[in-house]
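Next comes work02.csv, a file with CSV, N, CA and C atoms.
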chain,number,residue,atom,x,y,z
A,1,MET,N,-54.8,186.4,118.3
A,1,MET,CA,-53.9,185.8,117.3
A,1,MET,C,-54.5,184.5,116.8
A,2,THR,N,-54.9,183.6,117.7
A,2,THR,CA,-55.5,182.3,117.3
A,2,THR,C,-56.7,182.5,116.5
A,3,ARG,N,-57.5,183.5,116.8
A,3,ARG,CA,-58.8,183.8,116.1
A,3,ARG,C,-58.4,184.2,114.7
A,4,SER,N,-57.4,185.0,114.5
A,4,SER,CA,-57.1,185.5,113.1
A,4,SER,C,-56.5,184.3,112.3
A,5,LYS,N,-55.8,183.4,112.9
A,5,LYS,CA,-55.3,182.2,112.2
A,5,LYS,C,-56.5,181.3,111.8
A,6,ASN,N,-57.5,181.2,112.7
A,6,ASN,CA,-58.7,180.4,112.3
A,6,ASN,C,-59.5,181.0,111.2
A,7,VAL,N,-59.6,182.3,111.2
A,7,VAL,CA,-60.3,183.0,110.1
A,7,VAL,C,-59.5,182.9,108.8
A,8,SER,N,-58.2,183.0,108.9
A,8,SER,CA,-57.4,182.9,107.7
A,8,SER,C,-57.5,181.5,107.1
A,9,PHE,N,-57.4,180.5,108.0
A,9,PHE,CA,-57.6,179.1,107.6
A,9,PHE,C,-58.9,178.9,106.9
A,10,ALA,N,-60.0,179.4,107.5
A,10,ALA,CA,-61.3,179.2,106.9
A,10,ALA,C,-61.4,179.9,105.6
A,11,VAL,N,-60.8,181.1,105.4
A,11,VAL,CA,-60.9,181.8,104.1
A,11,VAL,C,-60.1,181.0,103.1
A,12,LEU,N,-58.9,180.5,103.5
A,12,LEU,CA,-58.1,179.7,102.5
A,12,LEU,C,-58.8,178.4,102.1
A,13,LEU,N,-59.4,177.8,103.1
A,13,LEU,CA,-60.2,176.5,102.8
A,13,LEU,C,-61.3,176.8,101.8
A,14,PHE,N,-62.1,177.9,102.1
A,14,PHE,CA,-63.2,178.3,101.2
A,14,PHE,C,-62.7,178.5,99.8
A,15,MET,N,-61.6,179.3,99.7
A,15,MET,CA,-61.0,179.6,98.4
A,15,MET,C,-60.6,178.3,97.7
A,16,GLY,N,-60.0,177.4,98.4
A,16,GLY,CA,-59.5,176.1,97.8
A,16,GLY,C,-60.7,175.3,97.3
A,17,ILE,N,-61.8,175.2,98.0
A,17,ILE,CA,-62.9,174.5,97.6
A,17,ILE,C,-63.6,175.2,96.4
A,18,THR,N,-63.6,176.5,96.4
A,18,THR,CA,-64.2,177.2,95.3
A,18,THR,C,-63.4,177.0,94.0
A,19,LEU,N,-62.0,177.0,94.2
A,19,LEU,CA,-61.2,176.8,93.0
A,19,LEU,C,-61.4,175.4,92.4
A,20,ILE,N,-61.6,174.4,93.3
A,20,ILE,CA,-61.8,173.0,92.8
A,20,ILE,C,-63.2,172.9,92.2
A,21,ALA,N,-64.2,173.5,92.8
A,21,ALA,CA,-65.6,173.3,92.4
A,21,ALA,C,-66.0,174.1,91.2
A,22,SER,N,-65.3,175.3,91.0
A,22,SER,CA,-65.8,176.2,89.9
A,22,SER,C,-65.7,175.6,88.5
A,23,PRO,N,-64.7,174.8,88.1
A,23,PRO,CA,-64.7,174.2,86.8
A,23,PRO,C,-65.9,173.2,86.6
A,24,ILE,N,-66.2,172.5,87.7
A,24,ILE,CA,-67.3,171.5,87.6
A,24,ILE,C,-68.6,172.2,87.5
A,25,LEU,N,-68.8,173.3,88.2
A,25,LEU,CA,-70.0,174.1,88.1
A,25,LEU,C,-70.2,174.7,86.7
A,26,ALA,N,-69.1,175.2,86.2
A,26,ALA,CA,-69.1,175.8,84.9
A,26,ALA,C,-69.5,174.8,83.8
A,27,MET,N,-69.1,173.5,84.0
A,27,MET,CA,-69.4,172.5,83.0
A,27,MET,C,-70.9,172.3,83.1
A,28,GLU,N,-71.6,172.3,84.3
A,28,GLU,CA,-73.0,172.1,84.4
A,28,GLU,C,-73.8,173.2,83.7
A,29,ASN,N,-73.3,174.4,83.6
A,29,ASN,CA,-74.0,175.5,83.0
A,29,ASN,C,-73.8,175.7,81.5
A,30,GLU,N,-73.1,174.8,80.9
A,30,GLU,CA,-72.8,175.0,79.5
A,30,GLU,C,-74.1,174.6,78.7
A,31,ASP,N,-74.3,175.3,77.6
A,31,ASP,CA,-75.4,175.1,76.7
A,31,ASP,C,-75.2,173.7,76.0
A,32,GLU,N,-76.3,172.9,76.1
A,32,GLU,CA,-76.2,171.5,75.6
A,32,GLU,C,-76.0,171.5,74.1
A,33,SER,N,-76.5,172.5,73.3
A,33,SER,CA,-76.3,172.5,71.9
A,33,SER,C,-74.8,172.7,71.5
A,34,THR,N,-74.1,173.5,72.3
A,34,THR,CA,-72.7,173.7,72.1
A,34,THR,C,-71.9,172.4,72.4
A,35,GLU,N,-72.4,171.7,73.4
A,35,GLU,CA,-71.7,170.5,73.7
A,35,GLU,C,-71.7,169.5,72.6
A,36,ALA,N,-72.8,169.4,71.9
A,36,ALA,CA,-73.0,168.4,70.9
A,36,ALA,C,-72.0,168.6,69.7
A,37,GLU,N,-71.6,169.9,69.5
A,37,GLU,CA,-70.7,170.2,68.5
A,37,GLU,C,-69.3,169.6,68.6
A,38,TYR,N,-68.8,169.4,69.8
A,38,TYR,CA,-67.5,168.9,70.0
A,38,TYR,C,-67.4,167.5,70.6
A,39,ILE,N,-68.5,166.9,70.9
A,39,ILE,CA,-68.5,165.5,71.4
A,39,ILE,C,-68.9,164.6,70.3
A,40,ASP,N,-67.9,163.9,69.7
A,40,ASP,CA,-68.2,163.0,68.6
A,40,ASP,C,-67.2,161.8,68.8
A,41,ASN,N,-67.4,160.8,68.0
A,41,ASN,CA,-66.5,159.7,68.1
A,41,ASN,C,-65.1,160.0,67.9
A,42,GLU,N,-64.7,160.9,67.0
A,42,GLU,CA,-63.3,161.3,66.8
A,42,GLU,C,-62.7,161.8,68.1
A,43,ASN,N,-63.5,162.7,68.8
A,43,ASN,CA,-62.9,163.3,70.0
A,43,ASN,C,-62.9,162.3,71.2
A,44,LEU,N,-63.9,161.4,71.2
A,44,LEU,CA,-63.9,160.4,72.3
A,44,LEU,C,-62.9,159.4,72.1
A,45,ALA,N,-62.5,159.1,70.9
A,45,ALA,CA,-61.5,158.0,70.6
A,45,ALA,C,-60.1,158.4,71.2
A,46,ALA,N,-59.8,159.6,71.2
A,46,ALA,CA,-58.4,160.0,71.6
A,46,ALA,C,-58.4,160.0,73.2
A,47,SER,N,-57.4,159.5,73.7
A,47,SER,CA,-57.2,159.4,75.2
A,47,SER,C,-56.1,160.5,75.6
A,48,PRO,N,-56.6,161.7,76.0
A,48,PRO,CA,-55.6,162.7,76.3
A,48,PRO,C,-54.7,162.3,77.5
A,49,GLU,N,-53.5,162.7,77.5
A,49,GLU,CA,-52.6,162.4,78.6
A,49,GLU,C,-53.0,163.3,79.8
A,50,SER,N,-53.5,164.4,79.6
A,50,SER,CA,-53.8,165.3,80.7
A,50,SER,C,-55.3,165.6,80.6
A,51,SER,N,-56.0,165.6,81.8
A,51,SER,CA,-57.4,165.9,81.8
A,51,SER,C,-57.7,167.3,81.4
A,52,THR,N,-56.8,168.2,81.4
A,52,THR,CA,-57.1,169.5,80.9
A,52,THR,C,-57.3,169.5,79.4
A,53,LYS,N,-56.9,168.5,78.8
A,53,LYS,CA,-57.1,168.4,77.3
A,53,LYS,C,-58.4,167.6,77.0
A,54,ILE,N,-59.0,167.0,78.0
A,54,ILE,CA,-60.2,166.3,77.9
A,54,ILE,C,-61.4,167.3,77.7
A,55,LEU,N,-62.2,167.0,76.8
A,55,LEU,CA,-63.3,168.0,76.6
A,55,LEU,C,-64.2,168.0,77.8
A,56,PRO,N,-64.6,169.2,78.2
A,56,PRO,CA,-65.5,169.4,79.4
A,56,PRO,C,-66.8,168.6,79.2
A,57,GLY,N,-67.3,168.5,78.1
A,57,GLY,CA,-68.6,167.7,77.9
A,57,GLY,C,-68.3,166.2,78.1
A,58,PHE,N,-67.2,165.7,77.7
A,58,PHE,CA,-66.8,164.3,78.0
A,58,PHE,C,-66.8,164.0,79.5
A,59,LEU,N,-66.1,164.9,80.2
A,59,LEU,CA,-66.1,164.8,81.7
A,59,LEU,C,-67.4,164.8,82.3
A,60,LYS,N,-68.3,165.7,81.8
A,60,LYS,CA,-69.6,165.8,82.4
A,60,LYS,C,-70.4,164.6,82.1
A,61,ASN,N,-70.3,164.1,80.9
A,61,ASN,CA,-71.0,162.8,80.5
A,61,ASN,C,-70.5,161.7,81.4
A,62,CYS,N,-69.2,161.6,81.6
A,62,CYS,CA,-68.7,160.5,82.5
A,62,CYS,C,-69.2,160.7,83.9
A,63,ALA,N,-69.2,161.9,84.4
A,63,ALA,CA,-69.7,162.1,85.8
A,63,ALA,C,-71.2,161.7,85.9
A,64,ASN,N,-71.9,161.9,84.9
A,64,ASN,CA,-73.3,161.6,84.9
A,64,ASN,C,-73.6,160.1,84.8
A,65,THR,N,-72.6,159.3,84.6
A,65,THR,CA,-72.8,157.8,84.5
A,65,THR,C,-72.8,157.2,85.9
A,66,ILE,N,-72.4,157.9,86.9
A,66,ILE,CA,-72.4,157.3,88.2
A,66,ILE,C,-73.2,158.2,89.2
A,67,SER,N,-73.8,157.5,90.2
A,67,SER,CA,-74.6,158.3,91.2
A,67,SER,C,-73.7,159.1,92.1
A,68,LYS,N,-74.3,160.0,92.8
A,68,LYS,CA,-73.5,160.8,93.8
A,68,LYS,C,-72.9,160.0,94.9
A,69,SER,N,-73.7,159.0,95.4
A,69,SER,CA,-73.2,158.2,96.5
A,69,SER,C,-72.0,157.3,96.0
A,70,THR,N,-72.0,156.8,94.8
A,70,THR,CA,-70.9,156.1,94.3
A,70,THR,C,-69.7,157.0,94.0
A,71,GLY,N,-70.0,158.2,93.5
A,71,GLY,CA,-68.9,159.1,93.3
A,71,GLY,C,-68.2,159.5,94.6
A,72,ASP,N,-69.0,159.7,95.6
A,72,ASP,CA,-68.4,160.0,97.0
A,72,ASP,C,-67.6,158.8,97.5
A,73,LYS,N,-68.0,157.6,97.3
A,73,LYS,CA,-67.3,156.4,97.7
A,73,LYS,C,-66.0,156.3,97.0
A,74,VAL,N,-66.0,156.5,95.7
A,74,VAL,CA,-64.8,156.3,94.8
A,74,VAL,C,-63.8,157.4,95.2
A,75,PHE,N,-64.3,158.7,95.4
A,75,PHE,CA,-63.5,159.8,95.8
A,75,PHE,C,-62.8,159.4,97.1
A,76,ASN,N,-63.5,159.0,98.1
A,76,ASN,CA,-63.0,158.7,99.4
A,76,ASN,C,-62.0,157.5,99.3
A,77,TYR,N,-62.2,156.6,98.4
A,77,TYR,CA,-61.3,155.4,98.3
A,77,TYR,C,-60.0,155.9,97.7
A,78,ILE,N,-60.1,156.7,96.6
A,78,ILE,CA,-58.8,157.1,95.9
A,78,ILE,C,-58.1,158.3,96.7
A,79,PHE,N,-58.8,159.3,97.1
A,79,PHE,CA,-58.2,160.5,97.6
A,79,PHE,C,-58.4,160.6,99.2
A,80,GLY,N,-59.1,159.7,99.8
A,80,GLY,CA,-59.3,159.7,101.2
A,80,GLY,C,-58.8,158.4,101.9
A,81,ASP,N,-59.4,158.0,102.9
A,81,ASP,CA,-59.0,156.9,103.7
A,81,ASP,C,-60.0,155.7,103.7
A,82,GLU,N,-60.9,155.7,102.7
A,82,GLU,CA,-61.8,154.6,102.6
A,82,GLU,C,-61.0,153.4,102.1
A,83,LYS,N,-61.3,152.2,102.8
A,83,LYS,CA,-60.6,151.0,102.5
A,83,LYS,C,-61.5,149.9,101.9
A,84,SER,N,-62.8,150.1,101.8
A,84,SER,CA,-63.6,149.0,101.3
A,84,SER,C,-64.4,149.5,100.1
A,85,LEU,N,-64.8,148.5,99.3
A,85,LEU,CA,-65.6,148.7,98.1
A,85,LEU,C,-66.8,147.7,98.2
A,86,ASP,N,-67.8,148.0,97.5
A,86,ASP,CA,-69.0,147.1,97.5
A,86,ASP,C,-69.4,146.8,96.0
A,87,TYR,N,-70.3,145.9,95.9
A,87,TYR,CA,-70.7,145.4,94.5
A,87,TYR,C,-71.3,146.6,93.7
A,88,ASP,N,-72.3,147.3,94.4
A,88,ASP,CA,-73.0,148.4,93.7
A,88,ASP,C,-72.0,149.5,93.2
A,89,THR,N,-71.0,149.8,94.0
A,89,THR,CA,-70.0,150.8,93.7
A,89,THR,C,-69.2,150.3,92.5
A,90,CYS,N,-68.8,149.1,92.5
A,90,CYS,CA,-67.9,148.6,91.5
A,90,CYS,C,-68.7,148.4,90.2
A,91,SER,N,-70.0,148.1,90.3
A,91,SER,CA,-70.8,147.9,89.1
A,91,SER,C,-70.9,149.3,88.4
A,92,GLU,N,-71.1,150.3,89.1
A,92,GLU,CA,-71.2,151.7,88.5
A,92,GLU,C,-69.9,152.1,87.9
A,93,VAL,N,-68.8,151.8,88.6
A,93,VAL,CA,-67.5,152.3,88.2
A,93,VAL,C,-67.1,151.5,86.9
A,94,THR,N,-67.3,150.2,86.9
A,94,THR,CA,-66.9,149.5,85.7
A,94,THR,C,-67.9,149.7,84.5
A,95,GLY,N,-69.1,150.0,84.9
A,95,GLY,CA,-70.2,150.3,83.9
A,95,GLY,C,-69.9,151.6,83.2
A,96,SER,N,-69.3,152.5,83.8
A,96,SER,CA,-68.9,153.8,83.2
A,96,SER,C,-67.8,153.6,82.2
A,97,GLY,N,-67.0,152.6,82.4
A,97,GLY,CA,-65.9,152.3,81.5
A,97,GLY,C,-64.6,152.9,82.0
A,98,LYS,N,-63.5,152.2,81.6
A,98,LYS,CA,-62.1,152.6,82.0
A,98,LYS,C,-61.7,154.0,81.6
A,99,GLU,N,-62.1,154.4,80.4
A,99,GLU,CA,-61.7,155.7,79.9
A,99,GLU,C,-62.4,156.8,80.7
A,100,CYS,N,-63.6,156.7,81.1
A,100,CYS,CA,-64.3,157.6,81.9
A,100,CYS,C,-63.7,157.7,83.3
A,101,HIS,N,-63.5,156.5,83.9
A,101,HIS,CA,-62.9,156.4,85.2
A,101,HIS,C,-61.6,157.1,85.3
A,102,ASP,N,-60.7,156.8,84.3
A,102,ASP,CA,-59.4,157.4,84.3
A,102,ASP,C,-59.5,158.9,84.1
A,103,ALA,N,-60.4,159.4,83.2
A,103,ALA,CA,-60.5,160.8,83.0
A,103,ALA,C,-60.9,161.6,84.2
A,104,LEU,N,-61.9,161.0,85.0
A,104,LEU,CA,-62.3,161.7,86.2
A,104,LEU,C,-61.2,161.7,87.3
A,105,VAL,N,-60.5,160.6,87.4
A,105,VAL,CA,-59.4,160.5,88.4
A,105,VAL,C,-58.4,161.5,88.0
A,106,LYS,N,-58.0,161.6,86.7
A,106,LYS,CA,-57.0,162.6,86.3
A,106,LYS,C,-57.4,164.0,86.6
A,107,TYR,N,-58.7,164.3,86.3
A,107,TYR,CA,-59.2,165.6,86.5
A,107,TYR,C,-59.1,166.1,88.0
A,108,VAL,N,-59.4,165.2,88.9
A,108,VAL,CA,-59.3,165.5,90.3
A,108,VAL,C,-57.9,165.6,90.7
A,109,ALA,N,-57.1,164.6,90.3
A,109,ALA,CA,-55.7,164.5,90.7
A,109,ALA,C,-54.9,165.7,90.3
A,110,GLU,N,-55.3,166.4,89.2
A,110,GLU,CA,-54.6,167.6,88.7
A,110,GLU,C,-54.9,168.8,89.5
A,111,GLY,N,-55.9,168.7,90.4
A,111,GLY,CA,-56.2,169.8,91.3
A,111,GLY,C,-55.1,170.2,92.2
A,112,ALA,N,-55.2,171.4,92.7
A,112,ALA,CA,-54.1,171.9,93.6
A,112,ALA,C,-53.9,171.1,94.9
A,113,MET,N,-55.0,170.5,95.4
A,113,MET,CA,-54.9,169.7,96.6
A,113,MET,C,-54.2,168.4,96.4
A,114,PHE,N,-54.2,167.9,95.2
A,114,PHE,CA,-53.7,166.5,95.0
A,114,PHE,C,-52.5,166.4,94.0
A,115,LYS,N,-52.2,167.5,93.4
A,115,LYS,CA,-51.2,167.5,92.3
A,115,LYS,C,-49.9,166.9,92.8
A,116,ALA,N,-49.5,167.2,94.0
A,116,ALA,CA,-48.2,166.8,94.5
A,116,ALA,C,-48.0,165.3,94.5
A,117,ASN,N,-49.1,164.5,94.7
A,117,ASN,CA,-49.1,163.1,94.7
A,117,ASN,C,-49.9,162.5,93.5
A,118,TYR,N,-49.8,163.2,92.4
A,118,TYR,CA,-50.5,162.8,91.2
A,118,TYR,C,-50.4,161.4,90.8
A,119,ASN,N,-49.2,160.9,90.7
A,119,ASN,CA,-49.0,159.5,90.2
A,119,ASN,C,-49.5,158.5,91.2
A,120,PHE,N,-49.4,158.8,92.5
A,120,PHE,CA,-50.0,157.9,93.6
A,120,PHE,C,-51.5,157.8,93.4
A,121,TYR,N,-52.2,158.9,93.1
A,121,TYR,CA,-53.6,158.9,92.9
A,121,TYR,C,-54.0,158.2,91.6
A,122,LEU,N,-53.2,158.3,90.6
A,122,LEU,CA,-53.5,157.6,89.3
A,122,LEU,C,-53.4,156.1,89.6
A,123,LYS,N,-52.4,155.7,90.3
A,123,LYS,CA,-52.2,154.3,90.6
A,123,LYS,C,-53.4,153.8,91.5
A,124,ARG,N,-53.8,154.6,92.5
A,124,ARG,CA,-54.9,154.2,93.4
A,124,ARG,C,-56.2,154.1,92.6
A,125,GLY,N,-56.4,154.9,91.6
A,125,GLY,CA,-57.5,154.8,90.7
A,125,GLY,C,-57.5,153.5,89.9
A,126,ASP,N,-56.3,153.2,89.3
A,126,ASP,CA,-56.2,151.9,88.6
A,126,ASP,C,-56.4,150.7,89.5
A,127,ASP,N,-55.9,150.8,90.7
A,127,ASP,CA,-56.1,149.7,91.7
A,127,ASP,C,-57.6,149.5,91.9
A,128,LEU,N,-58.3,150.6,92.2
A,128,LEU,CA,-59.7,150.5,92.4
A,128,LEU,C,-60.4,149.8,91.2
A,129,TYR,N,-60.2,150.3,90.0
A,129,TYR,CA,-60.8,149.7,88.9
A,129,TYR,C,-60.5,148.3,88.7
A,130,ASN,N,-59.3,147.9,88.9
A,130,ASN,CA,-58.9,146.5,88.7
A,130,ASN,C,-59.5,145.6,89.8
A,131,ILE,N,-59.5,146.1,91.0
A,131,ILE,CA,-60.2,145.3,92.1
A,131,ILE,C,-61.7,145.1,91.8
A,132,CYS,N,-62.3,146.2,91.3
A,132,CYS,CA,-63.7,146.0,90.9
A,132,CYS,C,-63.9,145.0,89.8
A,133,LEU,N,-63.0,145.0,88.8
A,133,LEU,CA,-63.1,144.0,87.7
A,133,LEU,C,-62.9,142.6,88.3
A,134,ASP,N,-61.8,142.4,89.1
A,134,ASP,CA,-61.4,141.1,89.5
A,134,ASP,C,-62.4,140.5,90.5
A,135,VAL,N,-62.8,141.3,91.5
A,135,VAL,CA,-63.5,140.8,92.6
A,135,VAL,C,-65.0,140.8,92.4
A,136,PHE,N,-65.5,141.9,91.9
A,136,PHE,CA,-67.0,142.1,91.9
A,136,PHE,C,-67.6,141.8,90.5
A,137,VAL,N,-66.9,142.0,89.5
A,137,VAL,CA,-67.5,141.8,88.2
A,137,VAL,C,-67.2,140.5,87.5
A,138,ASP,N,-66.0,140.0,87.5
A,138,ASP,CA,-65.7,138.7,86.9
A,138,ASP,C,-66.3,137.5,87.6
Could you spell out this file's structure in structure tokens?
Amino acid sequence: MTRSKNVSFAVLLFMGITLIASPILAMENEDESTEAEYIDNENLAASPESSTKILPGFLKNCANTISKSTGDKVFNYIFGDEKSLDYDTCSEVTGSGKECHDALVKYVAEGAMFKANYNFYLKRGDDLYNICLDVFVD
């Protein structure tokens, strides 16, 4: 009985991770020439309320402005239990810009694992960005 519960949990966990990662992987496989057709100043100027309305190319470009280690730290700060920030992390976060930061936070917060606390995570993302501006950049 316990073994079947463990297997079921593992399968559900794998499915959840797959559901979260598949849109990101799909963005990486898009043809670059297609991307250029819909990424322009007009599209970037609009700030969609929902990240599902944000162009996949815009999200990909935003994600490419920060390193994996910084992305991991930011994710753990907003969605996990990380409590500290450092200069390098904040430099990359603020360097990517508020619009990119907000778009990436919204994208993750709308996922199945985080949707229930969506507003909490958006506030946490704003807090991180403001701390970075106030403490490390100014």
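Here the question is which of A:Leu59, A:Ala116, A:Val105, A:Val74 gets nearest to Asp86 of chain A using only C-alpha atoms, and that residue is A:Val74.
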**Item:** Å distance separating atom C of Lys115 of chain A from atom N of Phe79 of chain A, one decimal place
**Value:**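 The value is 12.5 Å.
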**Message:** Between atom N of Glu110 of chain A and atom C of Ile66 of chain A, what is the distance in Å, rounded to a tenth?
**Reply:**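 We find that atom N of Glu110 of chain A and atom C of Ile66 of chain A lie 19.7 Å from each other.
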Please tell me which residues are no farther than 8 Å from (-64.2, 151.3, 96.6) in the file, counting all atoms listed in the file, and write them as a PDB file with N, CA and C atoms, in the coordinates of the input.
ATOM      1  N   LYS A  73     -68.000 157.600  97.300  1.00  0.00           N
ATOM      2  CA  LYS A  73     -67.300 156.400  97.700  1.00  0.00           C
ATOM      3  C   LYS A  73     -66.000 156.300  97.000  1.00  0.00           C
ATOM      4  N   VAL A  74     -66.000 156.500  95.700  1.00  0.00           N
ATOM      5  CA  VAL A  74     -64.800 156.300  94.800  1.00  0.00           C
ATOM      6  C   VAL A  74     -63.800 157.400  95.200  1.00  0.00           C
ATOM      7  N   PHE A  75     -64.300 158.700  95.400  1.00  0.00           N
ATOM      8  CA  PHE A  75     -63.500 159.800  95.800  1.00  0.00           C
ATOM      9  C   PHE A  75     -62.800 159.400  97.100  1.00  0.00           C
ATOM     10  N   ASN A  76     -63.500 159.000  98.100  1.00  0.00           N
ATOM     11  CA  ASN A  76     -63.000 158.700  99.400  1.00  0.00           C
ATOM     12  C   ASN A  76     -62.000 157.500  99.300  1.00  0.00           C
ATOM     13  N   TYR A  77     -62.200 156.600  98.400  1.00  0.00           N
ATOM     14  CA  TYR A  77     -61.300 155.400  98.300  1.00  0.00           C
ATOM     15  C   TYR A  77     -60.000 155.900  97.700  1.00  0.00           C
ATOM     16  N   ILE A  78     -60.100 156.700  96.600  1.00  0.00           N
ATOM     17  CA  ILE A  78     -58.800 157.100  95.900  1.00  0.00           C
ATOM     18  C   ILE A  78     -58.100 158.300  96.700  1.00  0.00           C
ATOM     19  N   GLU A  82     -60.900 155.700 102.700  1.00  0.00           N
ATOM     20  CA  GLU A  82     -61.800 154.600 102.600  1.00  0.00           C
ATOM     21  C   GLU A  82     -61.000 153.400 102.100  1.00  0.00           C
ATOM     22  N   LYS A  83     -61.300 152.200 102.800  1.00  0.00           N
ATOM     23  CA  LYS A  83     -60.600 151.000 102.500  1.00  0.00           C
ATOM     24  C   LYS A  83     -61.500 149.900 101.900  1.00  0.00           C
ATOM     25  N   SER A  84     -62.800 150.100 101.800  1.00  0.00           N
ATOM     26  CA  SER A  84     -63.600 149.000 101.300  1.00  0.00           C
ATOM     27  C   SER A  84     -64.400 149.500 100.100  1.00  0.00           C
ATOM     28  N   LEU A  85     -64.800 148.500  99.300  1.00  0.00           N
ATOM     29  CA  LEU A  85     -65.600 148.700  98.100  1.00  0.00           C
ATOM     30  C   LEU A  85     -66.800 147.700  98.200  1.00  0.00           C
ATOM     31  N   ASP A  86     -67.800 148.000  97.500  1.00  0.00           N
ATOM     32  CA  ASP A  86     -69.000 147.100  97.500  1.00  0.00           C
ATOM     33  C   ASP A  86     -69.400 146.800  96.000  1.00  0.00           C
ATOM     34  N   THR A  89     -71.000 149.800  94.000  1.00  0.00           N
ATOM     35  CA  THR A  89     -70.000 150.800  93.700  1.00  0.00           C
ATOM     36  C   THR A  89     -69.200 150.300  92.500  1.00  0.00           C
ATOM     37  N   CYS A  90     -68.800 149.100  92.500  1.00  0.00           N
ATOM     38  CA  CYS A  90     -67.900 148.600  91.500  1.00  0.00           C
ATOM     39  C   CYS A  90     -68.700 148.400  90.200  1.00  0.00           C
ATOM     40  N   LEU A 128     -58.300 150.600  92.200  1.00  0.00           N
ATOM     41  CA  LEU A 128     -59.700 150.500  92.400  1.00  0.00           C
ATOM     42  C   LEU A 128     -60.400 149.800  91.200  1.00  0.00           C
ATOM     43  N   TYR A 129     -60.200 150.300  90.000  1.00  0.00           N
ATOM     44  CA  TYR A 129     -60.800 149.700  88.900  1.00  0.00           C
ATOM     45  C   TYR A 129     -60.500 148.300  88.700  1.00  0.00           C
ATOM     46  N   CYS A 132     -62.300 146.200  91.300  1.00  0.00           N
ATOM     47  CA  CYS A 132     -63.700 146.000  90.900  1.00  0.00           C
ATOM     48  C   CYS A 132     -63.900 145.000  89.800  1.00  0.00           C
TER      49      CYS A 132
END
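For the set A:Val135, A:Glu92, A:Ala63, A:Asp72, the residue with the smallest atom-to-atom gap to Leu104 of chain A is A:Ala63, counting only N, CA and C atoms.
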Find the residues near Asp102 of chain A: any atom within 8 Å, counting only N, CA and C atoms, skip ones fewer than 3 places away on the same chain, and give them as a PDB file with N, CA and C atoms, in the frame of the given file.
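Saved result, result-v4.pdb, follows:
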ATOM      1  N   SER A  51     -56.000 165.600  81.800  1.00  0.00           N
ATOM      2  CA  SER A  51     -57.400 165.900  81.800  1.00  0.00           C
ATOM      3  C   SER A  51     -57.700 167.300  81.400  1.00  0.00           C
ATOM      4  N   GLY A  97     -67.000 152.600  82.400  1.00  0.00           N
ATOM      5  CA  GLY A  97     -65.900 152.300  81.500  1.00  0.00           C
ATOM      6  C   GLY A  97     -64.600 152.900  82.000  1.00  0.00           C
ATOM      7  N   LYS A  98     -63.500 152.200  81.600  1.00  0.00           N
ATOM      8  CA  LYS A  98     -62.100 152.600  82.000  1.00  0.00           C
ATOM      9  C   LYS A  98     -61.700 154.000  81.600  1.00  0.00           C
ATOM     10  N   GLU A  99     -62.100 154.400  80.400  1.00  0.00           N
ATOM     11  CA  GLU A  99     -61.700 155.700  79.900  1.00  0.00           C
ATOM     12  C   GLU A  99     -62.400 156.800  80.700  1.00  0.00           C
ATOM     13  N   VAL A 105     -60.500 160.600  87.400  1.00  0.00           N
ATOM     14  CA  VAL A 105     -59.400 160.500  88.400  1.00  0.00           C
ATOM     15  C   VAL A 105     -58.400 161.500  88.000  1.00  0.00           C
ATOM     16  N   LYS A 106     -58.000 161.600  86.700  1.00  0.00           N
ATOM     17  CA  LYS A 106     -57.000 162.600  86.300  1.00  0.00           C
ATOM     18  C   LYS A 106     -57.400 164.000  86.600  1.00  0.00           C
ATOM     19  N   TYR A 107     -58.700 164.300  86.300  1.00  0.00           N
ATOM     20  CA  TYR A 107     -59.200 165.600  86.500  1.00  0.00           C
ATOM     21  C   TYR A 107     -59.100 166.100  88.000  1.00  0.00           C
ATOM     22  N   VAL A 108     -59.400 165.200  88.900  1.00  0.00           N
ATOM     23  CA  VAL A 108     -59.300 165.500  90.300  1.00  0.00           C
ATOM     24  C   VAL A 108     -57.900 165.600  90.700  1.00  0.00           C
ATOM     25  N   LEU A 122     -53.200 158.300  90.600  1.00  0.00           N
ATOM     26  CA  LEU A 122     -53.500 157.600  89.300  1.00  0.00           C
ATOM     27  C   LEU A 122     -53.400 156.100  89.600  1.00  0.00           C
ATOM     28  N   GLY A 125     -56.400 154.900  91.600  1.00  0.00           N
ATOM     29  CA  GLY A 125     -57.500 154.800  90.700  1.00  0.00           C
ATOM     30  C   GLY A 125     -57.500 153.500  89.900  1.00  0.00           C
ATOM     31  N   ASP A 126     -56.300 153.200  89.300  1.00  0.00           N
ATOM     32  CA  ASP A 126     -56.200 151.900  88.600  1.00  0.00           C
ATOM     33  C   ASP A 126     -56.400 150.700  89.500  1.00  0.00           C
TER      34      ASP A 126
END
**Message:** What does the structure give for the distance between atom C of Ser67 of chain A and atom C of Val93 of chain A, in Å to one decimal?
**Reply:** 11.3 Å
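Proximity ranking of A:Phe114, A:Ala109, A:Thr70, A:Thr65 relative to Asp88 of chain A places A:Thr70 first, based on all atoms listed in the file.
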